[in-house]
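This is data.tsv (TSV, C-alpha atoms).
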chain	number	residue	atom	x	y	z
A	1	MET	CA	192.83	128.27	138.56
A	2	LYS	CA	192.38	127.23	134.93
A	3	ALA	CA	193.33	124.25	132.77
A	4	LEU	CA	193.56	124.01	128.99
A	5	VAL	CA	191.53	121.06	127.65
A	6	THR	CA	192.72	120.04	124.20
A	7	ARG	CA	190.29	117.17	123.53
A	8	PRO	CA	187.76	117.34	120.67
A	9	LEU	CA	184.53	118.92	121.88
A	10	GLN	CA	182.65	115.59	121.69
A	11	GLU	CA	184.93	114.14	124.36
A	12	ALA	CA	185.53	117.13	126.62
A	13	ALA	CA	182.34	117.16	128.69
A	14	ALA	CA	183.23	114.53	131.31
A	15	LEU	CA	186.73	115.93	131.71
A	16	SER	CA	185.38	119.46	132.15
A	17	THR	CA	183.08	118.19	134.89
A	18	ALA	CA	186.00	116.48	136.68
A	19	LEU	CA	188.02	119.68	136.53
A	20	ALA	CA	185.17	121.81	137.84
A	21	ALA	CA	184.75	119.40	140.76
A	22	ARG	CA	188.37	120.21	141.70
A	23	GLY	CA	187.81	123.95	141.54
A	24	ILE	CA	189.57	124.21	138.17
A	25	GLU	CA	187.97	126.16	135.33
A	26	PRO	CA	188.30	124.32	131.99
A	27	VAL	CA	189.40	126.34	128.96
A	28	LEU	CA	188.28	124.39	125.89
A	29	GLU	CA	190.89	124.37	123.13
A	30	PRO	CA	189.99	121.49	120.76
A	31	LEU	CA	193.05	121.05	118.55
A	32	LEU	CA	191.49	118.30	116.42
A	33	SER	CA	188.06	118.49	114.80
A	34	ILE	CA	186.34	115.21	113.87
A	35	ARG	CA	184.81	115.03	110.39
A	36	PRO	CA	183.06	112.04	108.75
A	37	ILE	CA	184.46	110.71	105.49
A	38	ALA	CA	182.00	110.65	102.61
A	39	GLY	CA	180.93	107.25	101.30
A	40	ALA	CA	181.67	105.27	104.46
A	41	ALA	CA	178.10	104.01	104.77
A	42	GLU	CA	178.31	102.42	101.31
A	43	ARG	CA	181.68	100.74	101.96
A	44	LEU	CA	180.86	99.17	105.33
A	45	PRO	CA	178.03	96.65	104.66
A	46	PRO	CA	179.95	94.36	102.26
A	47	LEU	CA	182.76	94.08	104.81
A	48	LEU	CA	180.42	93.46	107.73
A	49	ARG	CA	178.71	90.57	105.93
A	50	ARG	CA	182.04	88.69	105.93
A	51	ALA	CA	183.23	89.81	109.35
A	52	GLN	CA	183.26	88.08	112.72
A	53	ALA	CA	183.92	91.21	114.80
A	54	VAL	CA	184.41	94.98	114.67
A	55	LEU	CA	187.47	96.59	116.26
A	56	PHE	CA	187.46	100.12	117.66
A	57	THR	CA	190.52	102.09	118.69
A	58	SER	CA	188.64	105.23	119.69
A	59	ALA	CA	185.25	106.43	120.82
A	60	ASN	CA	185.15	108.54	117.66
A	61	GLY	CA	185.36	105.33	115.63
A	62	VAL	CA	182.29	104.02	117.44
A	63	ARG	CA	180.40	107.26	116.82
A	64	ALA	CA	181.31	107.22	113.13
A	65	PHE	CA	180.32	103.54	112.78
A	66	ALA	CA	176.98	104.15	114.50
A	67	ALA	CA	176.27	107.11	112.21
A	68	ALA	CA	177.18	105.13	109.08
A	69	VAL	CA	175.23	101.88	109.53
A	70	PRO	CA	172.51	100.48	111.82
A	71	ALA	CA	174.15	97.03	112.17
A	72	ARG	CA	175.10	96.01	115.73
A	73	ARG	CA	175.01	92.21	115.43
A	74	LEU	CA	178.78	91.65	115.60
A	75	PRO	CA	180.89	91.56	118.76
A	76	ALA	CA	182.81	94.79	119.36
A	77	PHE	CA	186.41	94.82	120.58
A	78	ALA	CA	187.37	98.14	122.15
A	79	VAL	CA	190.84	99.49	122.89
A	80	GLY	CA	189.90	100.78	126.35
A	81	LYS	CA	187.16	101.60	128.82
A	82	ALA	CA	185.94	104.85	127.26
A	83	THR	CA	185.68	103.26	123.82
A	84	ALA	CA	183.95	100.21	125.30
A	85	ALA	CA	181.44	102.43	127.09
A	86	MET	CA	180.68	104.20	123.82
A	87	ALA	CA	180.19	100.85	122.05
A	88	ARG	CA	177.71	99.71	124.71
A	89	GLN	CA	175.91	103.04	124.43
A	90	ALA	CA	175.73	102.55	120.65
A	91	GLY	CA	173.92	99.25	121.16
A	92	PHE	CA	176.52	96.54	120.59
A	93	PRO	CA	175.25	93.45	122.46
A	94	LEU	CA	178.72	92.07	123.21
A	95	VAL	CA	181.66	94.37	123.96
A	96	MET	CA	185.16	93.16	124.82
A	97	CYS	CA	187.46	95.71	126.44
A	98	ALA	CA	191.26	95.76	126.14
A	99	ASP	CA	193.65	97.42	128.55
A	100	GLY	CA	194.06	100.78	126.87
A	101	ASN	CA	196.44	100.34	123.91
A	102	VAL	CA	196.63	98.73	120.48
A	103	ALA	CA	198.98	95.94	121.59
A	104	GLU	CA	196.52	94.88	124.31
A	105	LEU	CA	193.64	95.06	121.84
A	106	ALA	CA	195.49	92.74	119.44
A	107	ARG	CA	196.23	90.34	122.30
A	108	LEU	CA	192.57	90.28	123.32
A	109	VAL	CA	191.45	89.52	119.77
A	110	ILE	CA	194.01	86.73	119.41
A	111	ASP	CA	192.89	85.20	122.72
A	112	ARG	CA	189.15	85.33	121.97
A	113	LEU	CA	188.80	84.77	118.22
A	114	ARG	CA	189.94	82.34	115.50
A	115	PRO	CA	191.24	83.48	112.09
A	116	GLU	CA	189.13	80.93	110.20
A	117	ASP	CA	185.87	82.39	111.51
A	118	GLY	CA	186.00	85.49	109.34
A	119	LEU	CA	187.74	88.76	108.77
A	120	LEU	CA	187.97	91.63	111.24
A	121	VAL	CA	186.78	95.16	110.49
A	122	HIS	CA	188.67	98.05	112.05
A	123	ALA	CA	186.44	101.16	112.13
A	124	ALA	CA	189.04	103.89	112.33
A	125	ALA	CA	190.30	107.32	111.41
A	126	ARG	CA	192.10	108.19	108.21
A	127	GLU	CA	195.35	108.23	110.21
A	128	VAL	CA	196.04	105.54	112.80
A	129	ALA	CA	198.77	104.84	115.33
A	130	GLY	CA	200.35	101.46	115.94
A	131	ASP	CA	200.40	98.36	113.74
A	132	LEU	CA	197.20	96.55	114.65
A	133	ALA	CA	196.89	94.98	111.20
A	134	GLY	CA	200.49	93.71	111.22
A	135	THR	CA	200.19	92.15	114.67
A	136	LEU	CA	196.95	90.39	113.78
A	137	ALA	CA	198.23	89.29	110.38
A	138	ALA	CA	201.17	87.59	112.12
A	139	ALA	CA	198.60	85.60	114.10
A	140	GLY	CA	196.75	84.57	110.92
A	141	PHE	CA	193.92	87.12	110.98
A	142	THR	CA	192.72	89.28	108.11
A	143	LEU	CA	191.97	92.84	109.12
A	144	ARG	CA	190.22	95.37	106.91
A	145	ARG	CA	190.57	98.95	108.10
A	146	ILE	CA	187.93	101.34	106.88
A	147	ALA	CA	188.43	105.06	107.40
A	148	LEU	CA	185.14	106.46	108.68
A	149	TYR	CA	186.37	109.84	109.91
A	150	GLU	CA	189.33	112.15	109.91
A	151	ALA	CA	190.79	114.29	112.66
A	152	VAL	CA	191.73	117.67	111.21
A	153	ALA	CA	194.36	119.64	113.12
A	154	ALA	CA	193.77	123.25	114.07
A	155	THR	CA	195.76	125.87	112.19
A	156	ARG	CA	195.83	128.40	115.04
A	157	LEU	CA	195.03	128.65	118.71
A	158	SER	CA	191.61	130.05	119.52
A	159	ALA	CA	191.32	133.65	120.66
A	160	ALA	CA	190.26	132.43	124.12
A	161	GLY	CA	193.18	130.04	124.47
A	162	ALA	CA	195.68	132.62	123.26
A	163	ALA	CA	194.26	135.18	125.70
A	164	GLU	CA	194.66	132.80	128.66
A	165	LEU	CA	198.27	132.06	127.70
A	166	THR	CA	199.05	135.75	127.20
A	167	ALA	CA	197.61	136.64	130.61
A	168	ARG	CA	199.42	133.71	132.29
A	169	ARG	CA	196.16	132.41	133.76
A	170	LEU	CA	196.70	128.70	132.99
A	171	ALA	CA	197.98	126.34	135.67
A	172	PHE	CA	197.57	123.08	133.70
A	173	ALA	CA	197.18	121.80	130.14
A	174	LEU	CA	195.89	118.29	129.37
A	175	PHE	CA	196.89	116.29	126.29
A	176	PHE	CA	195.52	112.95	125.09
A	177	SER	CA	197.43	112.11	121.90
A	178	PRO	CA	200.86	112.68	120.36
A	179	ARG	CA	199.25	114.43	117.40
A	180	THR	CA	197.35	116.84	119.63
A	181	ALA	CA	200.50	117.54	121.64
A	182	ALA	CA	202.58	118.13	118.51
A	183	THR	CA	199.88	120.43	117.11
A	184	PHE	CA	199.89	122.50	120.28
A	185	VAL	CA	203.68	122.76	120.30
A	186	ARG	CA	203.67	123.97	116.69
A	187	LEU	CA	200.94	126.54	117.30
A	188	ALA	CA	202.41	127.74	120.59
A	189	VAL	CA	205.80	128.34	118.99
A	190	ALA	CA	204.18	130.09	116.02
A	191	GLY	CA	202.24	132.32	118.42
A	192	GLY	CA	205.24	133.13	120.62
A	193	PHE	CA	203.87	131.41	123.74
A	194	GLU	CA	207.02	129.51	124.77
A	195	ALA	CA	207.54	131.67	127.88
A	196	ALA	CA	203.92	131.28	128.92
A	197	CYS	CA	204.16	127.48	128.68
A	198	ARG	CA	207.11	127.47	131.07
A	199	GLU	CA	204.62	128.43	133.79
A	200	VAL	CA	202.15	125.62	132.95
A	201	VAL	CA	202.13	122.02	134.18
A	202	ALA	CA	201.38	119.66	131.28
A	203	LEU	CA	199.46	116.41	131.81
A	204	ALA	CA	200.19	113.70	129.20
A	205	LEU	CA	198.18	110.51	128.60
A	206	SER	CA	201.27	108.47	127.74
A	207	PRO	CA	205.05	108.69	127.36
A	208	ALA	CA	204.54	109.21	123.61
A	209	VAL	CA	202.38	112.26	124.34
A	210	ALA	CA	204.99	113.56	126.79
A	211	ALA	CA	207.70	113.15	124.15
A	212	ALA	CA	205.67	115.23	121.68
A	213	LEU	CA	205.34	117.96	124.33
A	214	ALA	CA	209.05	117.99	125.17
A	215	PRO	CA	210.11	120.74	122.72
A	216	LEU	CA	208.35	123.28	124.94
A	217	GLY	CA	209.90	124.09	128.30
A	218	TRP	CA	206.95	123.33	130.58
A	219	ARG	CA	206.98	123.98	134.30
A	220	ASP	CA	206.61	120.19	134.56
A	221	ILE	CA	205.17	117.24	132.63
A	222	HIS	CA	203.19	114.58	134.48
A	223	VAL	CA	202.41	111.31	132.67
A	224	ALA	CA	199.37	109.15	133.42
A	225	GLU	CA	200.18	105.70	134.79
A	226	HIS	CA	197.66	104.18	132.38
A	227	PRO	CA	196.48	105.52	129.00
A	228	ASP	CA	192.95	106.51	129.95
A	229	GLU	CA	191.12	109.57	131.24
A	230	PRO	CA	190.76	108.44	134.89
A	231	ALA	CA	194.53	107.86	135.08
A	232	LEU	CA	195.19	111.31	133.60
A	233	ILE	CA	192.90	112.87	136.18
A	234	ALA	CA	194.79	110.93	138.86
A	235	ALA	CA	198.01	112.41	137.48
A	236	LEU	CA	196.40	115.84	137.74
A	237	ASP	CA	195.55	115.16	141.39
A	238	ARG	CA	199.17	114.22	142.07
A	239	ALA	CA	200.36	117.37	140.35
A	240	ILE	CA	197.99	119.45	142.46
A	241	ALA	CA	199.24	117.79	145.65
A	242	GLU	CA	202.89	118.22	144.71
A	243	THR	CA	202.58	121.86	143.72
A	244	GLY	CA	200.17	122.91	146.45
A	245	TRP	CA	197.47	124.22	144.11
A	246	PRO	CA	199.70	126.70	142.30
A	247	ALA	CA	198.07	129.92	141.23
A	248	PRO	CA	199.18	131.16	137.81
A	249	PRO	CA	201.73	134.00	138.06
A	250	ALA	CA	199.20	136.69	137.11
A	251	GLU	CA	196.98	135.69	140.03
A	252	ARG	CA	199.94	135.54	142.43
A	253	GLN	CA	200.98	139.05	141.40
A	254	GLU	CA	197.44	140.34	141.90
A	255	ALA	CA	197.27	138.70	145.33
A	256	SER	CA	200.54	140.29	146.41
A	257	ALA	CA	199.71	143.75	145.04
Spit out the file's structure as structure tokens when you get a sec.
Amino acid sequence: MKALVTRPLQEAAALSTALAARGIEPVLEPLLSIRPIAGAAERLPPLLRRAQAVLFTSANGVRAFAAAVPARRLPAFAVGKATAAMARQAGFPLVMCADGNVAELARLVIDRLRPEDGLLVHAAAREVAGDLAGTLAAAGFTLRRIALYEAVAATRLSAAGAAELTARRLAFALFFSPRTAATFVRLAVAGGFEAACREVVALALSPAVAAALAPLGWRDIHVAEHPDEPALIAALDRAIAETGWPAPPAERQEASA
């Protein structure tokens, strides 16, 4: 049994291990590649000197921050557990962890900080989801977002991923962001893989991810109860239990031959 893993390569290792522990072979299909933005190291220090905290909405933001500057003196506010773990690994002495989404991150900042104590620096991608700045501005905070990296979408499916779809060897496909899901839908349609996807169970990190997947007629779409990797793996376990470890059609045909 195989599962398509669409995370960037930097974030796929733990998930691949979890899949292997369940007897599922991961097929790595990173649909977004993470690239640093030139000049970030020069733009960060002036902001940090006036800041009271750094906000991270992804582990990639932490990695990009750590690569750009050595400073770790400020408290770090992380959107969720994986991002918080990366911030601790990067050496931040104080890490506050929100409950997995931008709204919860804003609420945590508002509860713990005061606007008059300094501005907030959001170390982020070139494109962001949600209105973190607007929510914090309404509470009196000043947020400065600095784009440290960009996530570049793939222009085609890999040869390995296309081969697995063509041979109908995929039982599951895991998606962590609306953009990744939309990218896959676009590339699958362009490659003529709609029929193959109808035999695959999709796992979505959130309802927004599931909505982006909806244009393809999946065998089923399971949504994580919480927007983090452990909850998505739990959704995978439920899907396995409900379907009785389905073998992809090609394997079923071979078994019955």
### Task
Have a look at atom CA of Thr180 of chain A and atom CA of Ala153 of chain A and let me know their distance in Å, one decimal.
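Between atom CA of Thr180 of chain A and atom CA of Ala153 of chain A the gap is 7.7 Å.
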### Task
Skip Gly191 of chain A itself and residues of its chain fewer than 5 positions away, then list as JSON, numbers by chain all residues within 10 Å of it, counting only C-alpha atoms.
{"A": [156, 157, 162, 166, 185, 186]}
### Query
Which residues come within 12 Å of Ala68 of chain A, counting only C-alpha atoms, excluding same-chain residues fewer than 5 positions away, as a ChimeraX atom specification?
/A:36-45,61-63,90,123,146-149
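Across A:Phe92, A:Phe141, A:Phe184, A:Phe172, the tightest approach to Leu4 of chain A is made by A:Phe172 when counting only C-alpha atoms.
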### Message
List as number ranges by chain the protein and nucleic acid residues near Gly91 of chain A, meaning an atom at most 9 Å away when all atoms listed in the file are counted, but skip any in the same chain fewer than 4 places from it.
### Response
A: 66, 72, 86-87
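Taking all atoms listed in the file into account, the residues near (185.8, 100.2, 125.0), no farther than 10 Å, are Leu55, Phe56, Thr57, Ser58, Ala59, Val62, Ala76, Phe77, Ala78, Val79, Gly80, Lys81, Ala82, Thr83, Ala84, Ala85, Met86, Ala87, Arg88, Val95, Met96, Cys97, Ala98, Asp99, Gly100 and Leu105 of chain A.
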### Query
What does the distance between atom CA of Asp111 of chain A and atom CA of Leu143 of chain A come to in Å, to one decimal place?
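Atom-to-atom, atom CA of Asp111 of chain A to atom CA of Leu143 of chain A, that is 15.6 Å.
Checking A:Pro26, A:Gly161, A:Pro115, A:Pro93 one by one against Pro75 of chain A, counting only C-alpha atoms, you find the shortest gap at A:Pro93.
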### Query
Which of these residues is nearest to Leu48 of chain A, using only C-alpha atoms: A:Ile233, A:Leu74, A:Val209, A:Glu194?
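Looking at the shortest contact to Leu48 of chain A, the residue is A:Leu74.
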### Task
Using only C-alpha atoms, determine which residues lie at most 12 Å from Ala151 of chain A, disregarding the query and same-chain residues fewer than 6 positions distant; provide the list as a list in words.
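My list of contacting residues is Arg7, Pro8, Pro30, Leu31, Leu32, Ser33, Ile34, Arg35, Pro36, Ile37, Ser58, Asn60, Gly61, Ala64, Ala124, Ala125, Arg126, Glu127, Val128, Ser177, Arg179, Thr180 and Thr183 of chain A.
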### Two-atom distance - atom CA of Ala224 of chain A, atom CA of Leu205 of chain A (Å)
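For atom CA of Ala224 of chain A relative to atom CA of Leu205 of chain A, the distance reads 5.1 Å.
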### Message
Distance cut-off 12 Å, centre (202.3, 111.2, 130.1) in file coordinates, counting all atoms listed in the file: which residues qualify? Return them as a ChimeraX atom specification.
### Response
/A:173-178,181,201-214,220-229,231-236
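Shortest separation to Val200 of chain A among A:Ala21, A:Ala3, A:Ala188, A:Val152 occurs at residue A:Ala3, atoms counted being all atoms listed in the file.
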### Query
Which is closest to Val102 of chain A among A:Leu187, A:Ala18, A:Ala138, A:Ala129, if we use all atoms listed in the file?
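Of A:Leu187, A:Ala18, A:Ala138, A:Ala129, the one nearest Val102 of chain A, counting all atoms listed in the file, is A:Ala129.
The nearest approach to Arg144 of chain A among the residues A:Ala163, A:Leu132, A:Leu15, A:Ile24, with only C-alpha atoms taken into account, belongs to A:Leu132.
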